[in-house]
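J.: structure_18.cif (mmCIF, C-alpha atoms) pasted underneath:
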```cif
data_model
#
loop_
_atom_site.label_atom_id
_atom_site.label_comp_id
_atom_site.auth_asym_id
_atom_site.auth_seq_id
_atom_site.Cartn_x
_atom_site.Cartn_y
_atom_site.Cartn_z
CA MET J 12 46.29 29.36 1.50
CA ARG J 13 49.66 28.04 2.67
CA ASN J 14 50.35 31.37 4.35
CA LYS J 15 46.95 31.29 6.06
CA GLU J 16 47.57 27.76 7.35
CA ARG J 17 51.01 28.79 8.59
CA ALA J 18 49.56 31.84 10.34
CA CYS J 19 46.99 29.67 12.11
CA GLU J 20 49.78 27.40 13.36
CA GLU J 21 51.82 30.37 14.60
CA CYS J 22 48.80 31.80 16.43
CA GLY J 23 47.68 28.48 17.89
CA ILE J 24 44.41 28.52 15.94
CA TYR J 25 42.98 25.13 14.95
CA SER J 26 42.20 25.01 11.22
CA GLU J 27 40.80 22.62 8.64
CA LYS J 28 41.40 22.78 4.88
CA TYR J 29 39.11 21.32 2.25
CA ALA J 30 40.95 21.26 -1.09
CA LEU J 31 38.06 20.33 -3.34
CA PRO J 32 38.39 19.18 -6.97
CA VAL J 33 37.32 21.61 -9.69
CA THR J 34 34.49 19.20 -10.54
CA THR J 35 32.83 19.77 -7.15
CA SER J 36 29.19 20.75 -7.70
CA GLN J 37 27.58 23.80 -6.17
CA GLU J 38 25.28 21.53 -4.16
CA GLU J 39 28.25 19.66 -2.71
CA LEU J 40 29.96 22.89 -1.74
CA LEU J 41 26.78 24.23 -0.13
CA GLU J 42 26.43 21.00 1.82
CA LEU J 43 29.98 21.35 3.16
CA ILE J 44 29.37 24.98 4.15
CA ASN J 45 26.19 23.95 5.96
CA THR J 46 28.12 21.26 7.84
CA LEU J 47 30.74 23.80 8.91
CA ASN J 48 28.07 26.35 9.85
CA ASN J 49 26.79 23.81 12.37
CA LYS J 50 30.18 22.55 13.55
CA SER J 51 30.87 23.98 17.01
CA SER J 52 34.65 23.53 16.75
CA ILE J 53 34.76 25.88 13.73
CA SER J 54 34.39 29.61 14.49
CA GLY J 55 35.25 31.00 11.06
CA ILE J 56 34.64 29.91 7.47
CA LEU J 57 36.15 31.26 4.27
CA VAL J 58 35.86 30.07 0.70
CA GLN J 59 38.94 30.96 -1.30
CA LEU J 60 37.82 32.99 -4.31
CA PRO J 61 37.42 32.87 -7.23
CA VAL J 62 35.32 29.70 -7.50
CA PRO J 63 34.95 27.70 -10.75
CA GLU J 64 32.59 29.14 -13.36
CA HIS J 65 29.83 26.58 -12.74
CA ILE J 66 29.50 27.75 -9.12
CA ASP J 67 27.67 30.99 -8.28
CA GLU J 68 29.92 33.05 -6.02
CA GLU J 69 27.07 35.11 -4.52
CA THR J 70 25.12 31.98 -3.55
CA ILE J 71 28.18 30.54 -1.82
CA ILE J 72 28.94 33.73 0.12
CA ASN J 73 25.30 34.03 1.20
CA ALA J 74 25.35 30.45 2.50
CA ILE J 75 28.04 31.18 5.10
CA ASP J 76 26.71 31.95 8.58
CA PRO J 77 27.33 35.73 9.02
CA LYS J 78 28.69 35.02 12.52
CA LYS J 79 31.35 32.77 10.95
CA ASP J 80 32.05 34.97 7.92
CA VAL J 81 35.66 35.93 8.69
CA ASP J 82 36.11 37.38 5.19
CA ALA J 83 33.19 39.77 5.91
CA PHE J 84 31.69 39.29 2.45
CA HIS J 85 28.17 38.27 3.55
CA PRO J 86 25.52 40.97 2.88
CA VAL J 87 24.73 41.13 6.61
CA ASN J 88 28.33 42.01 7.43
CA VAL J 89 28.59 44.38 4.46
CA GLY J 90 25.52 46.22 5.75
CA LYS J 91 27.01 46.46 9.23
CA ILE J 92 30.14 48.05 7.78
CA MET J 93 27.97 50.65 6.03
CA VAL J 94 26.36 51.76 9.30
CA GLY J 95 29.58 51.44 11.31
CA ASN J 96 28.33 48.75 13.71
CA TYR J 97 30.37 45.75 12.61
CA ASP J 98 32.00 42.66 14.06
CA PHE J 99 34.11 41.79 11.01
CA VAL J 100 35.81 43.87 8.31
CA PRO J 101 37.21 42.50 5.02
CA CYS J 102 40.80 41.60 5.81
CA THR J 103 42.64 43.77 3.31
CA PRO J 104 40.86 47.08 4.12
CA ALA J 105 41.21 46.23 7.82
CA GLY J 106 44.95 45.73 7.28
CA VAL J 107 45.22 49.10 5.55
CA MET J 108 43.52 50.81 8.49
CA GLU J 109 45.82 49.04 10.94
CA LEU J 110 48.89 50.20 8.99
CA ILE J 111 47.59 53.78 9.07
CA LYS J 112 46.88 53.57 12.80
CA GLU J 113 50.22 51.98 13.74
CA SER J 114 52.08 54.57 11.66
CA GLY J 115 50.49 57.36 13.67
CA ILE J 116 48.77 58.84 10.63
CA GLU J 117 45.65 60.93 11.29
CA VAL J 118 42.71 60.24 8.95
CA LYS J 119 40.36 62.87 10.39
CA GLY J 120 39.84 65.74 7.97
CA LYS J 121 42.25 64.32 5.38
CA GLU J 122 41.53 64.01 1.66
CA CYS J 123 41.39 60.26 1.03
CA VAL J 124 41.25 58.80 -2.47
CA VAL J 125 40.56 55.13 -3.13
CA VAL J 126 41.30 53.93 -6.66
CA GLY J 127 39.15 50.84 -7.16
CA ARG J 128 35.54 50.00 -6.28
CA SER J 129 35.52 46.24 -5.69
CA ASN J 130 33.30 44.74 -3.00
CA ILE J 131 36.38 43.13 -1.46
CA VAL J 132 38.61 46.21 -1.12
CA GLY J 133 37.51 49.51 -2.68
CA LYS J 134 34.00 49.93 -1.28
CA PRO J 135 34.69 48.78 2.30
CA GLN J 136 37.97 50.72 2.31
CA ALA J 137 36.09 53.91 1.49
CA MET J 138 33.61 53.28 4.31
CA LEU J 139 36.34 52.60 6.88
CA LEU J 140 38.13 55.83 5.99
CA LEU J 141 34.80 57.66 6.18
CA HIS J 142 34.14 56.20 9.65
CA GLN J 143 37.48 57.72 10.69
CA ASN J 144 36.23 61.14 9.49
CA GLY J 145 38.25 61.22 6.29
CA THR J 146 36.85 63.04 3.24
CA VAL J 147 36.66 60.18 0.76
CA THR J 148 36.66 60.07 -3.04
CA VAL J 149 36.27 56.72 -4.84
CA CYS J 150 37.76 56.53 -8.33
CA HIS J 151 37.46 53.76 -10.90
CA SER J 152 37.97 52.89 -14.57
CA LYS J 153 35.33 55.40 -15.72
CA THR J 154 36.71 58.32 -13.67
CA LYS J 155 37.63 61.30 -15.83
CA ASN J 156 40.86 63.18 -15.10
CA LEU J 157 41.99 60.50 -12.65
CA ALA J 158 45.42 62.03 -12.04
CA GLU J 159 43.74 65.29 -11.04
CA LYS J 160 41.79 63.40 -8.36
CA THR J 161 44.74 61.36 -7.06
CA ARG J 162 46.96 64.44 -6.76
CA GLN J 163 44.48 65.83 -4.21
CA ALA J 164 44.92 62.86 -1.89
CA ASP J 165 46.60 63.13 1.47
CA ILE J 166 45.99 59.38 1.74
CA LEU J 167 45.92 57.41 -1.50
CA VAL J 168 44.85 53.75 -1.58
CA ALA J 169 45.54 51.96 -4.88
CA ALA J 170 43.38 48.88 -5.42
CA VAL J 171 42.74 48.90 -9.16
CA GLY J 172 44.47 45.63 -10.11
CA ILE J 173 46.65 47.09 -12.88
CA PRO J 174 50.46 46.79 -12.60
CA ASN J 175 52.29 50.09 -11.96
CA PHE J 176 49.15 52.06 -12.77
CA ILE J 177 49.73 54.93 -10.33
CA LYS J 178 52.82 56.94 -11.34
CA GLY J 179 54.81 59.39 -9.26
CA ASP J 180 53.36 62.38 -11.11
CA MET J 181 49.86 61.30 -10.00
CA ILE J 182 50.77 61.68 -6.31
CA LYS J 183 50.69 64.73 -4.07
CA ASP J 184 53.97 65.67 -2.38
CA GLY J 185 54.13 64.04 1.05
CA ALA J 186 51.05 61.87 0.53
CA VAL J 187 50.57 58.52 2.27
CA VAL J 188 50.44 55.88 -0.48
CA ILE J 189 49.08 52.42 0.28
CA ASP J 190 49.43 49.87 -2.50
CA VAL J 191 46.91 47.04 -2.24
CA GLY J 192 47.69 45.58 -5.67
CA ILE J 193 49.76 42.48 -6.22
CA ASN J 194 50.54 41.60 -9.83
CA ARG J 195 52.97 39.13 -11.37
CA MET J 196 55.01 40.52 -14.25
CA GLU J 197 56.16 38.57 -17.30
CA ASN J 198 59.60 38.17 -15.70
CA GLY J 199 57.98 36.49 -12.69
CA LYS J 200 58.53 39.39 -10.30
CA LEU J 201 55.71 40.82 -8.20
CA CYS J 202 54.69 44.46 -8.36
CA GLY J 203 51.85 46.57 -7.06
CA ASP J 204 49.39 48.98 -8.62
CA VAL J 205 51.81 51.82 -7.82
CA GLU J 206 55.04 52.38 -9.75
CA PHE J 207 57.17 52.26 -6.61
CA ASP J 208 60.37 53.92 -7.83
CA SER J 209 58.71 57.10 -9.07
CA ALA J 210 56.13 57.18 -6.25
CA GLU J 211 58.73 56.78 -3.50
CA LYS J 212 60.38 60.05 -4.54
CA VAL J 213 57.15 61.97 -3.95
CA ALA J 214 55.32 60.12 -1.16
CA GLY J 215 55.75 60.89 2.51
CA ALA J 216 55.09 57.22 3.30
CA ILE J 217 54.55 54.25 1.00
CA THR J 218 53.98 50.50 1.31
CA PRO J 219 56.12 48.07 -0.70
CA VAL J 220 54.93 45.10 -2.77
CA PRO J 221 55.43 42.42 -1.70
CA GLY J 222 55.70 42.81 2.08
CA GLY J 223 53.32 45.70 2.69
CA VAL J 224 49.57 45.12 2.81
CA GLY J 225 49.79 41.38 2.06
CA PRO J 226 51.00 40.21 5.49
CA MET J 227 48.48 42.55 7.12
CA THR J 228 45.63 40.85 5.27
CA ILE J 229 46.51 37.50 6.83
CA ALA J 230 47.01 39.08 10.25
CA MET J 231 43.53 40.60 10.06
CA LEU J 232 42.10 37.21 9.08
CA MET J 233 43.54 35.81 12.31
CA LYS J 234 42.03 38.74 14.23
CA ASN J 235 38.62 38.17 12.63
CA THR J 236 38.81 34.48 13.52
CA VAL J 237 39.45 35.26 17.18
CA LYS J 238 36.55 37.75 17.10
CA ALA J 239 34.33 35.08 15.52
CA ALA J 240 35.18 32.65 18.32
CA ILE J 241 34.07 35.29 20.84
CA VAL J 242 30.92 36.22 18.88
CA ASN J 243 29.88 32.58 18.44
CA LYS J 244 30.55 31.75 22.08
CA THR J 245 28.46 34.73 23.20
CA HIS J 246 25.66 33.79 20.79
CA LYS J 247 25.67 30.20 22.02
CA GLU J 248 25.44 31.31 25.66
CA GLU J 249 22.49 33.56 24.84
#
```
For this file, write the structure as structure tokens.

T.:
Amino acid sequence: MRNKERACEECGIYSEKYALPVTTSQEELLELINTLNNKSSISGILVQLPVPEHIDEETIINAIDPKKDVDAFHPVNVGKIMVGNYDFVPCTPAGVMELIKESGIEVKGKECVVVGRSNIVGKPQAMLLLHQNGTVTVCHSKTKNLAEKTRQADILVAAVGIPNFIKGDMIKDGAVVIDVGINRMENGKLCGDVEFDSAEKVAGAITPVPGGVGPMTIAMLMKNTVKAAIVNKTHKEE
């Protein structure tokens, strides 16, 4: 959250933070969201997840105005991503696509493997790669012969949430490896879902952790916020 606030300041985006106590009721949170939905000075709303156990995450996400949903978690925005006619994309998958684009990597016709099927990263990531004409395979905890699947990938996106899960021998020579994971080890150091040292020897390109996808996620949040300002202004004029 500190990084998001700092990014807003650097971009000249006005922001408000509501650091609510853990005892906040679902009704109180919904009331705040409703207030922000109707506040003209606010173009984008995000609720930092996860929420406390007594609050239903789905209800909270559904309460956010889709035109202000800069995390792109609302079912309306998820549906738009499925059909390829979207205003907002979840920030982490959007950051991955931006990294691929800026690196001059062609997705069209490539074998793309996404390890992880979360609503936040895995599923939208697969759709974005598909929209770029990649041939996409989604793997998960129940996938049999996982290494066999990952070794086929020209572009491998690791978003499984397990430290150092993807080893070098699971990667195709010259593959593009994008590590979405961020895990804190017992020694306090951060690592990704990819075992970097062994993967680096095989990969043609690889993102580090920290410093790879993480900063892109926040950059894409800023981009979504600017888009939301435009979308909401257009909607208001209509």

J.: Might you spell out which residues the PyMOL selection byres ((chain J and resi 80-94) around 9) would select in the displayed file, as a PDB file with C-alpha atoms, in the frame of the given file?

T.:
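Wrote part_36.pdb, looks like this:
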```
ATOM      1  CA  SER J  54      34.390  29.610  14.490  1.00  0.00           C
ATOM      2  CA  GLY J  55      35.250  31.000  11.060  1.00  0.00           C
ATOM      3  CA  ILE J  56      34.640  29.910   7.470  1.00  0.00           C
ATOM      4  CA  LEU J  57      36.150  31.260   4.270  1.00  0.00           C
ATOM      5  CA  VAL J  58      35.860  30.070   0.700  1.00  0.00           C
ATOM      6  CA  GLU J  69      27.070  35.110  -4.520  1.00  0.00           C
ATOM      7  CA  ILE J  72      28.940  33.730   0.120  1.00  0.00           C
ATOM      8  CA  ASN J  73      25.300  34.030   1.200  1.00  0.00           C
ATOM      9  CA  ALA J  74      25.350  30.450   2.500  1.00  0.00           C
ATOM     10  CA  ILE J  75      28.040  31.180   5.100  1.00  0.00           C
ATOM     11  CA  ASP J  76      26.710  31.950   8.580  1.00  0.00           C
ATOM     12  CA  PRO J  77      27.330  35.730   9.020  1.00  0.00           C
ATOM     13  CA  LYS J  78      28.690  35.020  12.520  1.00  0.00           C
ATOM     14  CA  LYS J  79      31.350  32.770  10.950  1.00  0.00           C
ATOM     15  CA  GLY J  95      29.580  51.440  11.310  1.00  0.00           C
ATOM     16  CA  ASN J  96      28.330  48.750  13.710  1.00  0.00           C
ATOM     17  CA  TYR J  97      30.370  45.750  12.610  1.00  0.00           C
ATOM     18  CA  ASP J  98      32.000  42.660  14.060  1.00  0.00           C
ATOM     19  CA  PHE J  99      34.110  41.790  11.010  1.00  0.00           C
ATOM     20  CA  VAL J 100      35.810  43.870   8.310  1.00  0.00           C
ATOM     21  CA  PRO J 101      37.210  42.500   5.020  1.00  0.00           C
ATOM     22  CA  CYS J 102      40.800  41.600   5.810  1.00  0.00           C
ATOM     23  CA  ASN J 130      33.300  44.740  -3.000  1.00  0.00           C
ATOM     24  CA  ILE J 131      36.380  43.130  -1.460  1.00  0.00           C
ATOM     25  CA  PRO J 135      34.690  48.780   2.300  1.00  0.00           C
ATOM     26  CA  MET J 138      33.610  53.280   4.310  1.00  0.00           C
ATOM     27  CA  LEU J 139      36.340  52.600   6.880  1.00  0.00           C
ATOM     28  CA  HIS J 142      34.140  56.200   9.650  1.00  0.00           C
ATOM     29  CA  LEU J 232      42.100  37.210   9.080  1.00  0.00           C
ATOM     30  CA  MET J 233      43.540  35.810  12.310  1.00  0.00           C
ATOM     31  CA  LYS J 234      42.030  38.740  14.230  1.00  0.00           C
ATOM     32  CA  ASN J 235      38.620  38.170  12.630  1.00  0.00           C
ATOM     33  CA  THR J 236      38.810  34.480  13.520  1.00  0.00           C
ATOM     34  CA  LYS J 238      36.550  37.750  17.100  1.00  0.00           C
ATOM     35  CA  ALA J 239      34.330  35.080  15.520  1.00  0.00           C
TER      36      ALA J 239
END
```

J.: Rounded to one decimal place, report the atom CA of Gly127 of chain J-atom CA of Asn198 of chain J distance in Å.

T.: 25.5 Å

J.: Could you tell me how far atom CA of Lys178 of chain J lies from atom CA of Ser209 of chain J, in Å and to one decimal?

T.: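 Atom-to-atom, atom CA of Lys178 of chain J to atom CA of Ser209 of chain J, that is 6.3 Å.
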
J.: Name every residue that the PyMOL selection byres ((chain J and resi 187) around 9) selects in this structure, writing the answer as a ChimeraX atom specification with chains first and numbers rising.

T.: /J:111,116,164-168,183,185-186,188-189,214-218

J.: Can you work out which one of J:Asn45, J:Thr228, J:Ser52, J:Asn243 has the shortest atom-to-atom distance to Ser26 of chain J, counting only C-alpha atoms?

T.: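 Closest candidate: J:Ser52.
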
J.: Once the PyMOL selection byres ((chain J and resi 219) around 9) has been evaluated on this model, what residues remain selected, and can you format them as a list in words?

T.: Ile189, Asp190, Cys202, Gly203, Phe207, Ile217, Thr218, Val220, Pro221, Gly222, Gly223 and Val224 of chain J

J.: Using atom CA of Ala30 of chain J and atom CA of Pro63 of chain J as the two end points, give the distance in Å to one decimal.

T.: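 Result for atom CA of Ala30 of chain J versus atom CA of Pro63 of chain J: 13.1 Å, one decimal.
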
J.: Just want the 12 Å neighbourhood of segment 152-159 of chain J, counted on only C-alpha atoms, with same-chain residues fewer than 5 positions away dropped. Output as a PDB file with C-alpha atoms, in the coordinates of the input.

T.:
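Contents of the output file result.pdb:
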```pdb
ATOM      1  CA  VAL J 124      41.250  58.800  -2.470  1.00  0.00           C
ATOM      2  CA  VAL J 125      40.560  55.130  -3.130  1.00  0.00           C
ATOM      3  CA  VAL J 126      41.300  53.930  -6.660  1.00  0.00           C
ATOM      4  CA  GLY J 127      39.150  50.840  -7.160  1.00  0.00           C
ATOM      5  CA  ARG J 128      35.540  50.000  -6.280  1.00  0.00           C
ATOM      6  CA  SER J 129      35.520  46.240  -5.690  1.00  0.00           C
ATOM      7  CA  ALA J 164      44.920  62.860  -1.890  1.00  0.00           C
ATOM      8  CA  LEU J 167      45.920  57.410  -1.500  1.00  0.00           C
ATOM      9  CA  ALA J 170      43.380  48.880  -5.420  1.00  0.00           C
ATOM     10  CA  VAL J 171      42.740  48.900  -9.160  1.00  0.00           C
ATOM     11  CA  GLY J 172      44.470  45.630 -10.110  1.00  0.00           C
ATOM     12  CA  ILE J 173      46.650  47.090 -12.880  1.00  0.00           C
ATOM     13  CA  PHE J 176      49.150  52.060 -12.770  1.00  0.00           C
ATOM     14  CA  ILE J 177      49.730  54.930 -10.330  1.00  0.00           C
ATOM     15  CA  LYS J 178      52.820  56.940 -11.340  1.00  0.00           C
ATOM     16  CA  GLY J 179      54.810  59.390  -9.260  1.00  0.00           C
ATOM     17  CA  ASP J 180      53.360  62.380 -11.110  1.00  0.00           C
ATOM     18  CA  MET J 181      49.860  61.300 -10.000  1.00  0.00           C
ATOM     19  CA  ILE J 182      50.770  61.680  -6.310  1.00  0.00           C
ATOM     20  CA  LYS J 183      50.690  64.730  -4.070  1.00  0.00           C
TER      21      LYS J 183
END
```

J.: So which residues are close to (32.8, 24.6, 19.8), meaning at most 12 Å away in the file's coordinates with only C-alpha atoms counted, and can you show them as a PyMOL selection string?

T.: chain J and resi 25+47-55+239-248

J.: Env of Glu113 of chain J: 12 Å cut, atoms = only C-alpha atoms, seq-sep filter 6 positions within chain, self excluded. Answer as a ChimeraX atom specification.

T.: /J:106-107,227

J.: Using all atoms listed in the file, which of the listed residues (J:Gly192, J:Val33, J:Pro174, J:Glu16) sits closest to Pro61 of chain J?

T.: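 Using all atoms listed in the file, Pro61 of chain J sits closest to J:Val33.
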
J.: Would you kindly identify which residues have an atom no farther than 12 Å from (31.2, 23.5, -2.4), using all atoms listed in the file and the file's own coordinates, and write them out as a ChimeraX atom specification?

T.: /J:29-47,57-60,62-63,65-68,70-72,74-75

J.: Starting from 4 Å padding per side, set up an axis-aligned box that covers all listed atoms of segment 157-169 of chain J and hand over centre and edge lengths in Å, one decimal, as lines of an AutoDock Vina configuration file.

T.:
```
center_x = 44.4
center_y = 58.9
center_z = -5.5
size_x = 13.2
size_y = 21.9
size_z = 22.4
```

J.: Closest to Thr161 of chain J among J:Glu64, J:Ala137, J:Asn14, J:Glu122, using all atoms listed in the file?

T.: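 Of J:Glu64, J:Ala137, J:Asn14, J:Glu122, the one nearest Thr161 of chain J is J:Glu122, counting all atoms listed in the file.
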
J.: Smallest atom-to-atom distance to Met231 of chain J: which of J:Ile24, J:Cys123, J:Met12, J:Met108, using all atoms listed in the file?

T.: J:Met108

J.: Which residue is closest to Ala230 of chain J? Choose from J:Gln136, J:Thr103, J:Asn194, J:Ser114 and count all atoms listed in the file.

T.: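 Selected residue with least distance to Ala230 of chain J: J:Thr103.
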